[in-house]
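Colleague: What follows is coords_20.txt; its format and atoms are compact mmCIF, C-alpha atoms.
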# COMPACT_ATOMS: atom_id res chain seq x y z
CA MET A 15 91.23 122.32 124.67
CA LEU A 16 94.85 121.51 123.80
CA ARG A 17 96.90 122.29 120.70
CA ALA A 18 100.48 121.33 119.78
CA ASN A 19 102.60 124.31 118.81
CA LEU A 20 106.03 124.20 117.21
CA THR A 21 107.61 127.19 118.94
CA ALA A 22 111.27 126.61 118.00
CA PRO A 23 113.41 123.86 116.47
CA TYR A 24 113.00 120.59 118.40
CA THR A 25 110.35 122.20 120.62
CA VAL A 26 106.72 121.05 120.67
CA GLU A 27 104.57 122.76 123.31
CA LEU A 28 101.11 121.52 124.28
CA GLN A 29 99.16 124.66 125.04
CA GLU A 30 95.74 125.32 126.49
CA ALA A 31 93.61 127.31 124.05
CA PRO A 32 89.98 128.45 124.02
CA VAL A 33 87.44 126.45 122.05
CA PRO A 34 87.23 128.14 118.62
CA GLU A 35 84.19 130.29 117.95
CA ILE A 36 83.00 129.39 114.47
CA LYS A 37 81.62 131.86 111.96
CA ASP A 38 78.27 131.23 110.30
CA SER A 39 80.20 129.97 107.27
CA GLU A 40 82.47 127.55 109.19
CA VAL A 41 82.34 124.15 110.86
CA LEU A 42 83.86 123.03 114.15
CA LEU A 43 86.02 119.92 113.79
CA LYS A 44 87.00 117.40 116.42
CA VAL A 45 90.37 116.25 115.17
CA LEU A 46 90.90 112.49 115.55
CA PHE A 47 94.25 111.43 114.06
CA VAL A 48 97.07 113.48 112.55
CA GLY A 49 99.91 112.02 110.50
CA ILE A 50 103.46 113.35 110.75
CA CYS A 51 104.74 114.30 107.31
CA GLY A 52 108.23 114.87 105.94
CA SER A 53 107.56 118.60 105.91
CA ASP A 54 106.60 118.42 109.61
CA ILE A 55 109.99 116.81 110.30
CA GLN A 56 111.76 119.57 108.36
CA MET A 57 109.88 122.15 110.42
CA TYR A 58 110.73 120.34 113.65
CA HIS A 59 114.41 120.49 112.68
CA GLY A 60 114.10 124.19 111.85
CA LYS A 61 115.10 123.54 108.22
CA HIS A 62 111.88 124.31 106.36
CA LYS A 63 112.51 127.29 104.10
CA TYR A 64 108.97 128.61 103.95
CA MET A 65 107.65 128.54 107.52
CA THR A 66 108.16 130.67 110.60
CA PHE A 67 107.79 129.79 114.28
CA PRO A 68 105.45 129.43 116.08
CA VAL A 69 102.98 127.34 114.12
CA VAL A 70 100.46 124.62 114.92
CA PHE A 71 101.55 121.84 112.58
CA GLY A 72 99.53 119.02 111.04
CA HIS A 73 97.90 118.69 107.61
CA GLU A 74 97.26 114.93 107.26
CA LEU A 75 94.19 114.17 109.34
CA SER A 76 90.84 112.66 110.07
CA ALA A 77 88.15 114.55 111.96
CA SER A 78 84.48 114.51 112.84
CA ILE A 79 82.18 117.50 112.57
CA VAL A 80 81.00 118.79 115.95
CA LYS A 81 78.71 121.52 114.65
CA THR A 82 78.10 123.65 111.58
CA GLY A 83 77.55 127.36 111.17
CA ARG A 84 74.02 128.39 110.18
CA ASP A 85 75.06 129.24 106.61
CA VAL A 86 76.80 125.89 105.99
CA THR A 87 75.07 123.44 103.67
CA GLY A 88 76.13 119.96 102.60
CA PHE A 89 77.68 118.92 105.90
CA GLU A 90 76.21 117.92 109.24
CA ALA A 91 77.36 117.07 112.76
CA GLY A 92 78.81 113.60 113.22
CA GLU A 93 80.19 113.18 109.71
CA LEU A 94 83.71 111.82 109.22
CA VAL A 95 85.86 114.10 107.09
CA THR A 96 89.38 114.87 106.03
CA VAL A 97 90.80 118.23 105.02
CA GLU A 98 92.50 119.47 101.88
CA PRO A 99 94.98 121.90 103.50
CA GLN A 100 95.75 124.22 100.57
CA ILE A 101 94.79 127.89 100.74
CA TYR A 102 94.61 129.42 97.26
CA CYS A 103 93.51 132.73 95.75
CA GLY A 104 91.16 131.38 93.08
CA GLU A 105 92.04 134.28 90.78
CA CYS A 106 95.50 133.66 89.28
CA TYR A 107 95.89 131.78 86.00
CA PRO A 108 96.81 128.39 87.59
CA CYS A 109 93.73 128.60 89.84
CA ARG A 110 91.44 129.56 86.96
CA SER A 111 92.79 126.66 84.90
CA GLY A 112 92.15 124.14 87.70
CA ARG A 113 95.71 123.87 89.02
CA PHE A 114 95.18 125.67 92.31
CA ASN A 115 97.84 123.38 93.81
CA VAL A 116 100.36 125.74 92.19
CA CYS A 117 98.46 128.94 92.99
CA GLU A 118 100.70 132.01 92.84
CA GLN A 119 99.69 132.79 96.44
CA LEU A 120 99.59 129.18 97.70
CA LYS A 121 99.75 128.59 101.44
CA VAL A 122 99.48 125.28 103.25
CA GLN A 123 97.73 124.96 106.59
CA GLY A 124 100.11 123.50 109.12
CA VAL A 125 103.09 125.08 107.35
CA HIS A 126 102.40 128.72 106.47
CA SER A 127 99.46 129.06 108.86
CA ASP A 128 98.16 127.07 111.82
CA GLY A 129 97.17 123.51 111.05
CA TYR A 130 95.26 120.71 112.72
CA MET A 131 97.33 119.33 115.62
CA ALA A 132 94.65 120.55 118.00
CA GLN A 133 91.65 118.93 119.62
CA LEU A 134 89.17 121.35 118.05
CA VAL A 135 89.60 123.49 114.92
CA ALA A 136 87.33 125.90 113.06
CA ALA A 137 87.44 125.15 109.33
CA ASP A 138 86.05 126.45 106.07
CA PRO A 139 83.88 123.65 104.62
CA LYS A 140 85.27 124.25 101.13
CA PHE A 141 88.41 122.41 102.29
CA LEU A 142 86.51 119.37 103.62
CA HIS A 143 86.03 115.98 102.01
CA ARG A 144 83.33 113.69 103.35
CA CYS A 145 84.36 110.10 104.08
CA ALA A 146 82.07 107.09 104.41
CA ARG A 147 80.97 106.50 108.00
CA GLY A 148 82.37 102.97 107.96
CA MET A 149 85.90 104.09 107.12
CA ASN A 150 88.60 103.72 109.78
CA PRO A 151 89.67 107.19 111.01
CA GLN A 152 93.31 106.05 111.04
CA GLN A 153 93.01 105.14 107.35
CA VAL A 154 91.36 108.49 106.64
CA ALA A 155 94.51 110.18 107.98
CA LEU A 156 96.35 108.51 105.07
CA VAL A 157 94.17 110.16 102.41
CA GLU A 158 96.40 113.23 102.07
CA PRO A 159 99.67 111.37 101.29
CA LEU A 160 97.76 109.02 98.99
CA ALA A 161 96.35 112.06 97.16
CA VAL A 162 99.95 113.15 96.53
CA GLY A 163 100.59 109.77 94.91
CA VAL A 164 97.41 109.94 92.83
CA GLY A 165 98.37 113.41 91.59
CA ALA A 166 101.89 112.29 90.75
CA VAL A 167 100.66 109.44 88.56
CA LYS A 168 98.09 111.64 86.81
CA ARG A 169 100.72 114.25 85.90
CA ALA A 170 102.06 111.89 83.24
CA PRO A 171 100.04 111.19 80.10
CA ASN A 172 98.81 107.71 79.22
CA TYR A 173 99.29 106.20 82.67
CA LYS A 174 96.58 103.62 82.07
CA GLY A 175 98.19 100.46 80.73
CA ALA A 176 101.68 101.89 81.32
CA ASN A 177 104.81 100.37 82.81
CA VAL A 178 105.53 102.56 85.84
CA LEU A 179 108.72 102.74 87.91
CA VAL A 180 108.59 104.56 91.25
CA VAL A 181 111.98 105.46 92.72
CA GLY A 182 111.75 105.47 96.51
CA ALA A 183 109.64 103.12 98.66
CA GLY A 184 108.90 105.44 101.57
CA THR A 185 105.44 106.75 102.40
CA ILE A 186 104.96 108.79 99.22
CA GLY A 187 106.71 106.24 97.01
CA ASN A 188 104.59 103.37 98.31
CA MET A 189 101.39 105.40 98.00
CA THR A 190 102.35 106.49 94.48
CA ALA A 191 103.04 102.92 93.40
CA GLN A 192 99.72 101.75 94.86
CA ALA A 193 97.95 104.68 93.21
CA ALA A 194 99.44 103.68 89.85
CA LYS A 195 97.98 100.21 90.27
CA ALA A 196 94.59 101.58 91.28
CA LEU A 197 94.59 103.99 88.32
CA GLY A 198 95.15 101.20 85.82
CA ALA A 199 98.88 100.90 85.21
CA ALA A 200 99.85 97.61 83.55
CA LYS A 201 102.84 96.85 85.76
CA VAL A 202 104.43 98.76 88.64
CA MET A 203 107.98 98.53 89.97
CA VAL A 204 109.38 100.30 93.03
CA SER A 205 113.08 100.69 93.86
CA ASP A 206 114.86 101.50 97.12
CA ILE A 207 117.75 100.32 99.32
CA ASN A 208 115.65 99.70 102.44
CA PRO A 209 114.67 96.01 102.62
CA LYS A 210 111.85 96.63 105.13
CA LYS A 211 110.16 99.19 102.93
CA LEU A 212 110.60 97.01 99.85
CA ALA A 213 109.06 94.06 101.71
CA LEU A 214 106.07 96.24 102.64
CA ALA A 215 105.73 97.31 99.00
CA LYS A 216 105.38 93.66 97.99
CA GLU A 217 102.83 93.12 100.77
CA CYS A 218 100.92 96.09 99.35
CA GLY A 219 100.60 94.36 96.01
CA ILE A 220 103.30 96.17 94.04
CA ASP A 221 104.38 93.91 91.18
CA VAL A 222 108.15 94.26 91.54
CA ALA A 223 110.31 95.59 94.38
CA VAL A 224 113.98 96.10 93.53
CA ASN A 225 116.78 96.59 96.05
CA VAL A 226 119.20 98.73 94.03
CA ALA A 227 121.95 98.06 96.57
CA GLU A 228 121.90 94.47 95.31
CA THR A 229 120.42 94.61 91.79
CA ASN A 230 121.24 96.84 88.85
CA LEU A 231 118.14 98.94 88.11
CA LYS A 232 118.59 98.76 84.34
CA ASP A 233 118.80 94.99 84.49
CA ALA A 234 115.65 94.85 86.62
CA ILE A 235 113.78 97.04 84.12
CA ASP A 236 114.87 94.85 81.20
CA LYS A 237 113.85 91.70 83.08
CA HIS A 238 110.42 92.83 84.26
CA PHE A 239 109.34 95.41 81.66
CA GLY A 240 111.03 93.91 78.62
CA THR A 241 111.99 95.95 75.56
CA ARG A 242 109.21 98.46 76.18
CA LYS A 243 110.97 99.39 79.45
CA ALA A 244 109.41 102.04 81.72
CA ASP A 245 106.87 104.38 80.15
CA ILE A 246 106.78 106.55 83.27
CA ILE A 247 109.34 107.01 86.04
CA ILE A 248 108.23 108.82 89.20
CA ASP A 249 110.91 110.27 91.46
CA ALA A 250 109.69 110.02 95.05
CA ALA A 251 113.17 109.87 96.57
CA ALA A 252 114.61 113.29 95.65
CA THR A 253 118.27 112.28 95.86
CA ARG A 254 121.14 113.18 93.55
CA SER A 255 122.10 109.56 93.01
CA GLY A 256 118.47 108.58 92.42
CA PHE A 257 117.90 111.21 89.75
CA LYS A 258 121.17 110.31 88.04
CA SER A 259 120.03 106.70 87.83
CA ILE A 260 116.61 107.80 86.53
CA LEU A 261 118.21 109.53 83.55
CA GLU A 262 120.47 106.54 82.96
CA VAL A 263 117.57 104.07 82.75
CA ALA A 264 114.88 106.30 81.19
CA ARG A 265 113.67 105.04 77.84
CA ARG A 266 113.73 107.31 74.84
CA SER A 267 110.39 109.14 74.55
CA SER A 268 109.34 108.45 78.12
CA SER A 269 108.05 110.61 80.99
CA VAL A 270 109.69 111.46 84.32
CA VAL A 271 107.58 112.95 87.12
CA ILE A 272 109.34 114.64 90.04
CA THR A 273 107.22 114.52 93.19
CA GLY A 274 110.00 114.16 95.78
CA ASN A 275 110.95 117.30 97.67
CA TYR A 276 114.47 118.32 96.64
CA LYS A 277 116.16 120.56 99.19
CA ASP A 278 119.13 121.72 97.10
CA PRO A 279 119.84 122.57 93.45
CA LEU A 280 120.64 119.63 91.21
CA GLU A 281 123.10 119.37 88.33
CA VAL A 282 121.36 117.68 85.40
CA GLU A 283 122.86 116.14 82.27
CA MET A 284 120.63 118.00 79.83
CA PRO A 285 121.85 116.25 76.63
CA LEU A 286 120.32 112.99 77.88
CA ILE A 287 116.96 114.68 78.25
CA GLN A 288 117.14 116.55 74.96
CA ARG A 289 118.49 113.81 72.72
CA GLN A 290 116.23 111.09 74.09
CA GLU A 291 113.12 113.28 74.19
CA ILE A 292 112.52 112.59 77.85
CA THR A 293 109.69 114.74 79.18
CA LEU A 294 110.08 116.08 82.73
CA TYR A 295 107.00 116.92 84.78
CA GLY A 296 107.15 118.75 88.08
CA HIS A 297 104.47 117.76 90.55
CA MET A 298 103.15 119.65 93.59
CA MET A 299 100.67 118.10 96.03
CA TYR A 300 97.20 117.49 94.49
CA VAL A 301 93.96 118.90 93.15
CA ARG A 302 90.48 118.22 94.53
CA GLU A 303 89.83 115.26 92.22
CA ASP A 304 92.97 113.55 93.51
CA PHE A 305 91.59 113.72 97.06
CA GLU A 306 88.29 112.26 95.89
CA ASP A 307 90.11 109.40 94.12
CA ALA A 308 92.23 108.72 97.22
CA ILE A 309 89.17 108.49 99.46
CA ALA A 310 87.42 106.16 97.02
CA PHE A 311 90.48 103.91 96.65
CA ILE A 312 90.81 103.48 100.44
CA ARG A 313 87.05 103.03 100.89
CA ASP A 314 86.90 100.37 98.19
CA GLY A 315 89.93 98.43 99.46
CA LYS A 316 92.12 99.23 96.46
CA ILE A 317 94.89 100.54 98.73
CA HIS A 318 96.66 98.24 101.16
CA THR A 319 97.16 99.93 104.55
CA ASP A 320 97.85 96.97 106.84
CA GLY A 321 101.27 97.48 108.44
CA PHE A 322 101.54 100.97 106.98
CA ILE A 323 101.00 102.78 110.28
CA THR A 324 104.14 102.13 112.32
CA ALA A 325 102.98 103.65 115.60
CA VAL A 326 100.24 105.79 117.13
CA TYR A 327 101.20 108.24 119.89
CA PRO A 328 98.85 109.88 122.39
CA PHE A 329 98.58 113.65 122.15
CA ARG A 330 100.73 114.50 125.16
CA LYS A 331 103.54 112.41 123.67
CA ALA A 332 103.61 114.12 120.26
CA LEU A 333 107.18 115.23 120.92
CA ASP A 334 108.14 111.58 121.50
CA ALA A 335 106.84 110.80 118.01
CA PHE A 336 109.36 113.22 116.49
CA ARG A 337 112.13 111.82 118.67
CA TYR A 338 111.30 108.30 117.48
CA ILE A 339 111.50 109.43 113.86
CA ASP A 340 114.91 111.00 114.50
CA GLU A 341 116.19 107.89 116.28
CA PHE A 342 114.85 105.38 113.76
CA PRO A 343 114.69 107.26 110.43
CA ASN A 344 114.73 104.11 108.31
CA ASP A 345 112.32 102.02 110.37
CA PHE A 346 108.98 103.80 110.02
CA MET A 347 106.38 104.44 107.33
CA LYS A 348 103.69 106.58 108.94
CA ILE A 349 103.46 107.84 112.51
CA LEU A 350 100.09 109.06 113.75
CA VAL A 351 99.12 111.15 116.76
CA ASP A 352 95.79 110.33 118.47
CA VAL A 353 94.68 113.85 119.28
CA GLN A 354 91.80 112.81 121.52
CA GLU A 355 93.84 110.28 123.53
CA LEU A 356 95.93 112.38 125.91
CA GLU A 357 98.08 109.89 127.80
CA GLY A 358 97.81 106.49 126.15
Since I need it in another form, could you write the structure as structure tokens?

Modeller:
Amino acid sequence: MLRANLTAPYTVELQEAPVPEIKDSEVLLKVLFVGICGSDIQMYHGKHKYMTFPVVFGHELSASIVKTGRDVTGFEAGELVTVEPQIYCGECYPCRSGRFNVCEQLKVQGVHSDGYMAQLVAADPKFLHRCARGMNPQQVALVEPLAVGVGAVKRAPNYKGANVLVVGAGTIGNMTAQAAKALGAAKVMVSDINPKKLALAKECGIDVAVNVAETNLKDAIDKHFGTRKADIIIDAAATRSGFKSILEVARRSSSVVITGNYKDPLEVEMPLIQRQEITLYGHMMYVREDFEDAIAFIRDGKIHTDGFITAVYPFRKALDAFRYIDEFPNDFMKILVDVQELEG
């Protein structure tokens, strides 16, 4: 079988590897589609702070079960699944309180250990989520980024019936905005400077899409949210200018959730936060319930995915997928690799 190994910056090697021998407690997965994530791009550029080469990347995926170990219960061959890629200790206080997404020993498969950009992978069934047989495997590969969005919305209190602003209309921003709608927000606005991504947000059913290169964000909030303004602002852009504007438009006694991945320290005007009683929430990935919600939302048609997948590359051209992303950084939403299709 083949696997894709990041062996150095800008270097993806397709390597022959033996078929994994599963333990009695494991399942053998046939990986179908793998999405390329922002963290994968950081790793490809050699700029991810917490990984070392070589590593088999990939943590957004769909797969089918080939066989199960004799001690495995609850899963059977042929089932469509996705994988929750977090490895956690289960013993620290965050784990014991249900927040294993911030485990003190947290590792992510595909970042800190080998992931799923391989034709066959042995997996612990505790990381699996069953998906309905009728679901499209390409859509199933979107469950992981949608789970990030679900978790981001649920970090803030009182999200049901809330006015929600999502800053950033990329993959995570779009998924977060759609998750807010699916979770019962009253009205959802997304802001960005990319007209293509804003147009897709509107196609996905987001109530308001604001191009902040053309429209003042505060004016847009006043127009569409009225005097109540935004109850919750979710930062999915992770830019200095974006966070500055968030503090400028945040209502007194409102919530700000940071789910974007900041790469550098940020200078913050603390008096604005203190005097206006703005509550900041950090957000990291997801918990198991967020995955379950994401699967249900896609299964039930509550998440719009048409036009979301920009391109699908055959396995042998996985390197070309990264090159496309580098060449057209503003023109894609989600790139998938078809792991079972070698040449295309």

Colleague: Leaving out Ser76 of chain A and any residue of its chain fewer than 5 positions from it, which residues lie within 10 Å of it when counting only C-alpha atoms, given as a ChimeraX atom specification?

Modeller: /A:43-49,94-97,130,143,145,150-158

Colleague: Between A:Ala227, A:Ala77, A:Leu20, A:Ile317, which one has atoms that come closest to Asp128 of chain A, using all atoms listed in the file?

Modeller: A:Leu20

Colleague: Which residue gives the smallest distance to Val86 of chain A among A:Ala18, A:Val41, A:Ile55, A:Ala191, with all atoms listed in the file counted?

Modeller: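 Ranking A:Ala18, A:Val41, A:Ile55, A:Ala191 by distance to Val86 of chain A, first place goes to A:Val41.
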
Colleague: Please determine, counting only C-alpha atoms, which residue among A:Phe114, A:Phe305, A:Tyr107, A:Tyr300 has the shortest atom-to-atom distance to Arg144 of chain A.

Modeller: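 When distances to Arg144 of chain A are compared using only C-alpha atoms, the smallest one comes from A:Phe305.
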
Colleague: Report the distance between atom CA of Gln354 of chain A and atom CA of Val326 of chain A in Å, rounded to one decimal place.

Modeller: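 Value for the atom CA of Gln354 of chain A-atom CA of Val326 of chain A distance: 11.8 Å.
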
Colleague: Counting all atoms listed in the file, what is within 8 Å of segment 275-279 of chain A, bar same-chain residues fewer than 4 positions away, as a list in words?

Modeller: Ala250, Ala251, Ala252 and Thr253 of chain A

Colleague: Please write the residues from the selection above to a file, keeping C-alpha atoms, as a short mmCIF file (atom, residue, chain, number, x, y, z; two decimals), in the frame of the given file.

Modeller:
data_model
loop_
_atom_site.label_atom_id
_atom_site.label_comp_id
_atom_site.auth_asym_id
_atom_site.auth_seq_id
_atom_site.Cartn_x
_atom_site.Cartn_y
_atom_site.Cartn_z
CA ALA A 250 109.69 110.02 95.05
CA ALA A 251 113.17 109.87 96.57
CA ALA A 252 114.61 113.29 95.65
CA THR A 253 118.27 112.28 95.86
#

Colleague: Neighbours of segment 134-136 of chain A within 9 Å (all atoms listed in the file; same-chain residues fewer than 4 positions away dropped), as a list of chain:residue names?

Modeller: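 Returned residues: A:Met15, A:Leu16, A:Arg17, A:Val33, A:Pro34, A:Glu35, A:Ile36, A:Lys37, A:Glu40, A:Val41, A:Leu42, A:Leu43, A:Lys44, A:Val45, A:Val80, A:Gly129, A:Tyr130.
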
Colleague: Residues at most 9 Å from segment 335-340 of chain A, counting only C-alpha atoms, excluding those fewer than 3 positions away in the same chain, as a count of residues only?

Modeller: 16

Colleague: Could you check the closest approach to Pro23 of chain A for each of A:Ile101, A:Leu333, A:Met347, A:Cys51 and tell me which residue wins, using only C-alpha atoms?

Modeller: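 Using only C-alpha atoms, the shortest distance to Pro23 of chain A belongs to A:Leu333.
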
Colleague: For each of A:Pro108, A:Pro139, A:Gly240, A:Gly274, take the minimum atom-to-atom distance to Val180 of chain A, counting all atoms listed in the file, then give the residue where this is smallest.

Modeller: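 Of the candidates, the smallest distance to Val180 of chain A is held by A:Gly274.
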
Colleague: What does the distance from atom CA of Ser269 of chain A to atom CA of Ala170 of chain A come to in Å, to one decimal?

Modeller: 6.5 Å

Colleague: Just give me the gap between atom CA of Pro285 of chain A and atom CA of Val271 of chain A in Å, one decimal is fine.

Modeller: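 A separation of 18.0 Å between them.
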
Colleague: Set the distance at 12 Å and use all atoms listed in the file: which residues neighbour Ser268 of chain A once local chain neighbours fewer than 6 positions away are removed? I'd like the list as a VMD selection string.

Modeller: chain A and resid 170 to 173 176 to 179 242 to 248 260 to 261 286 to 295
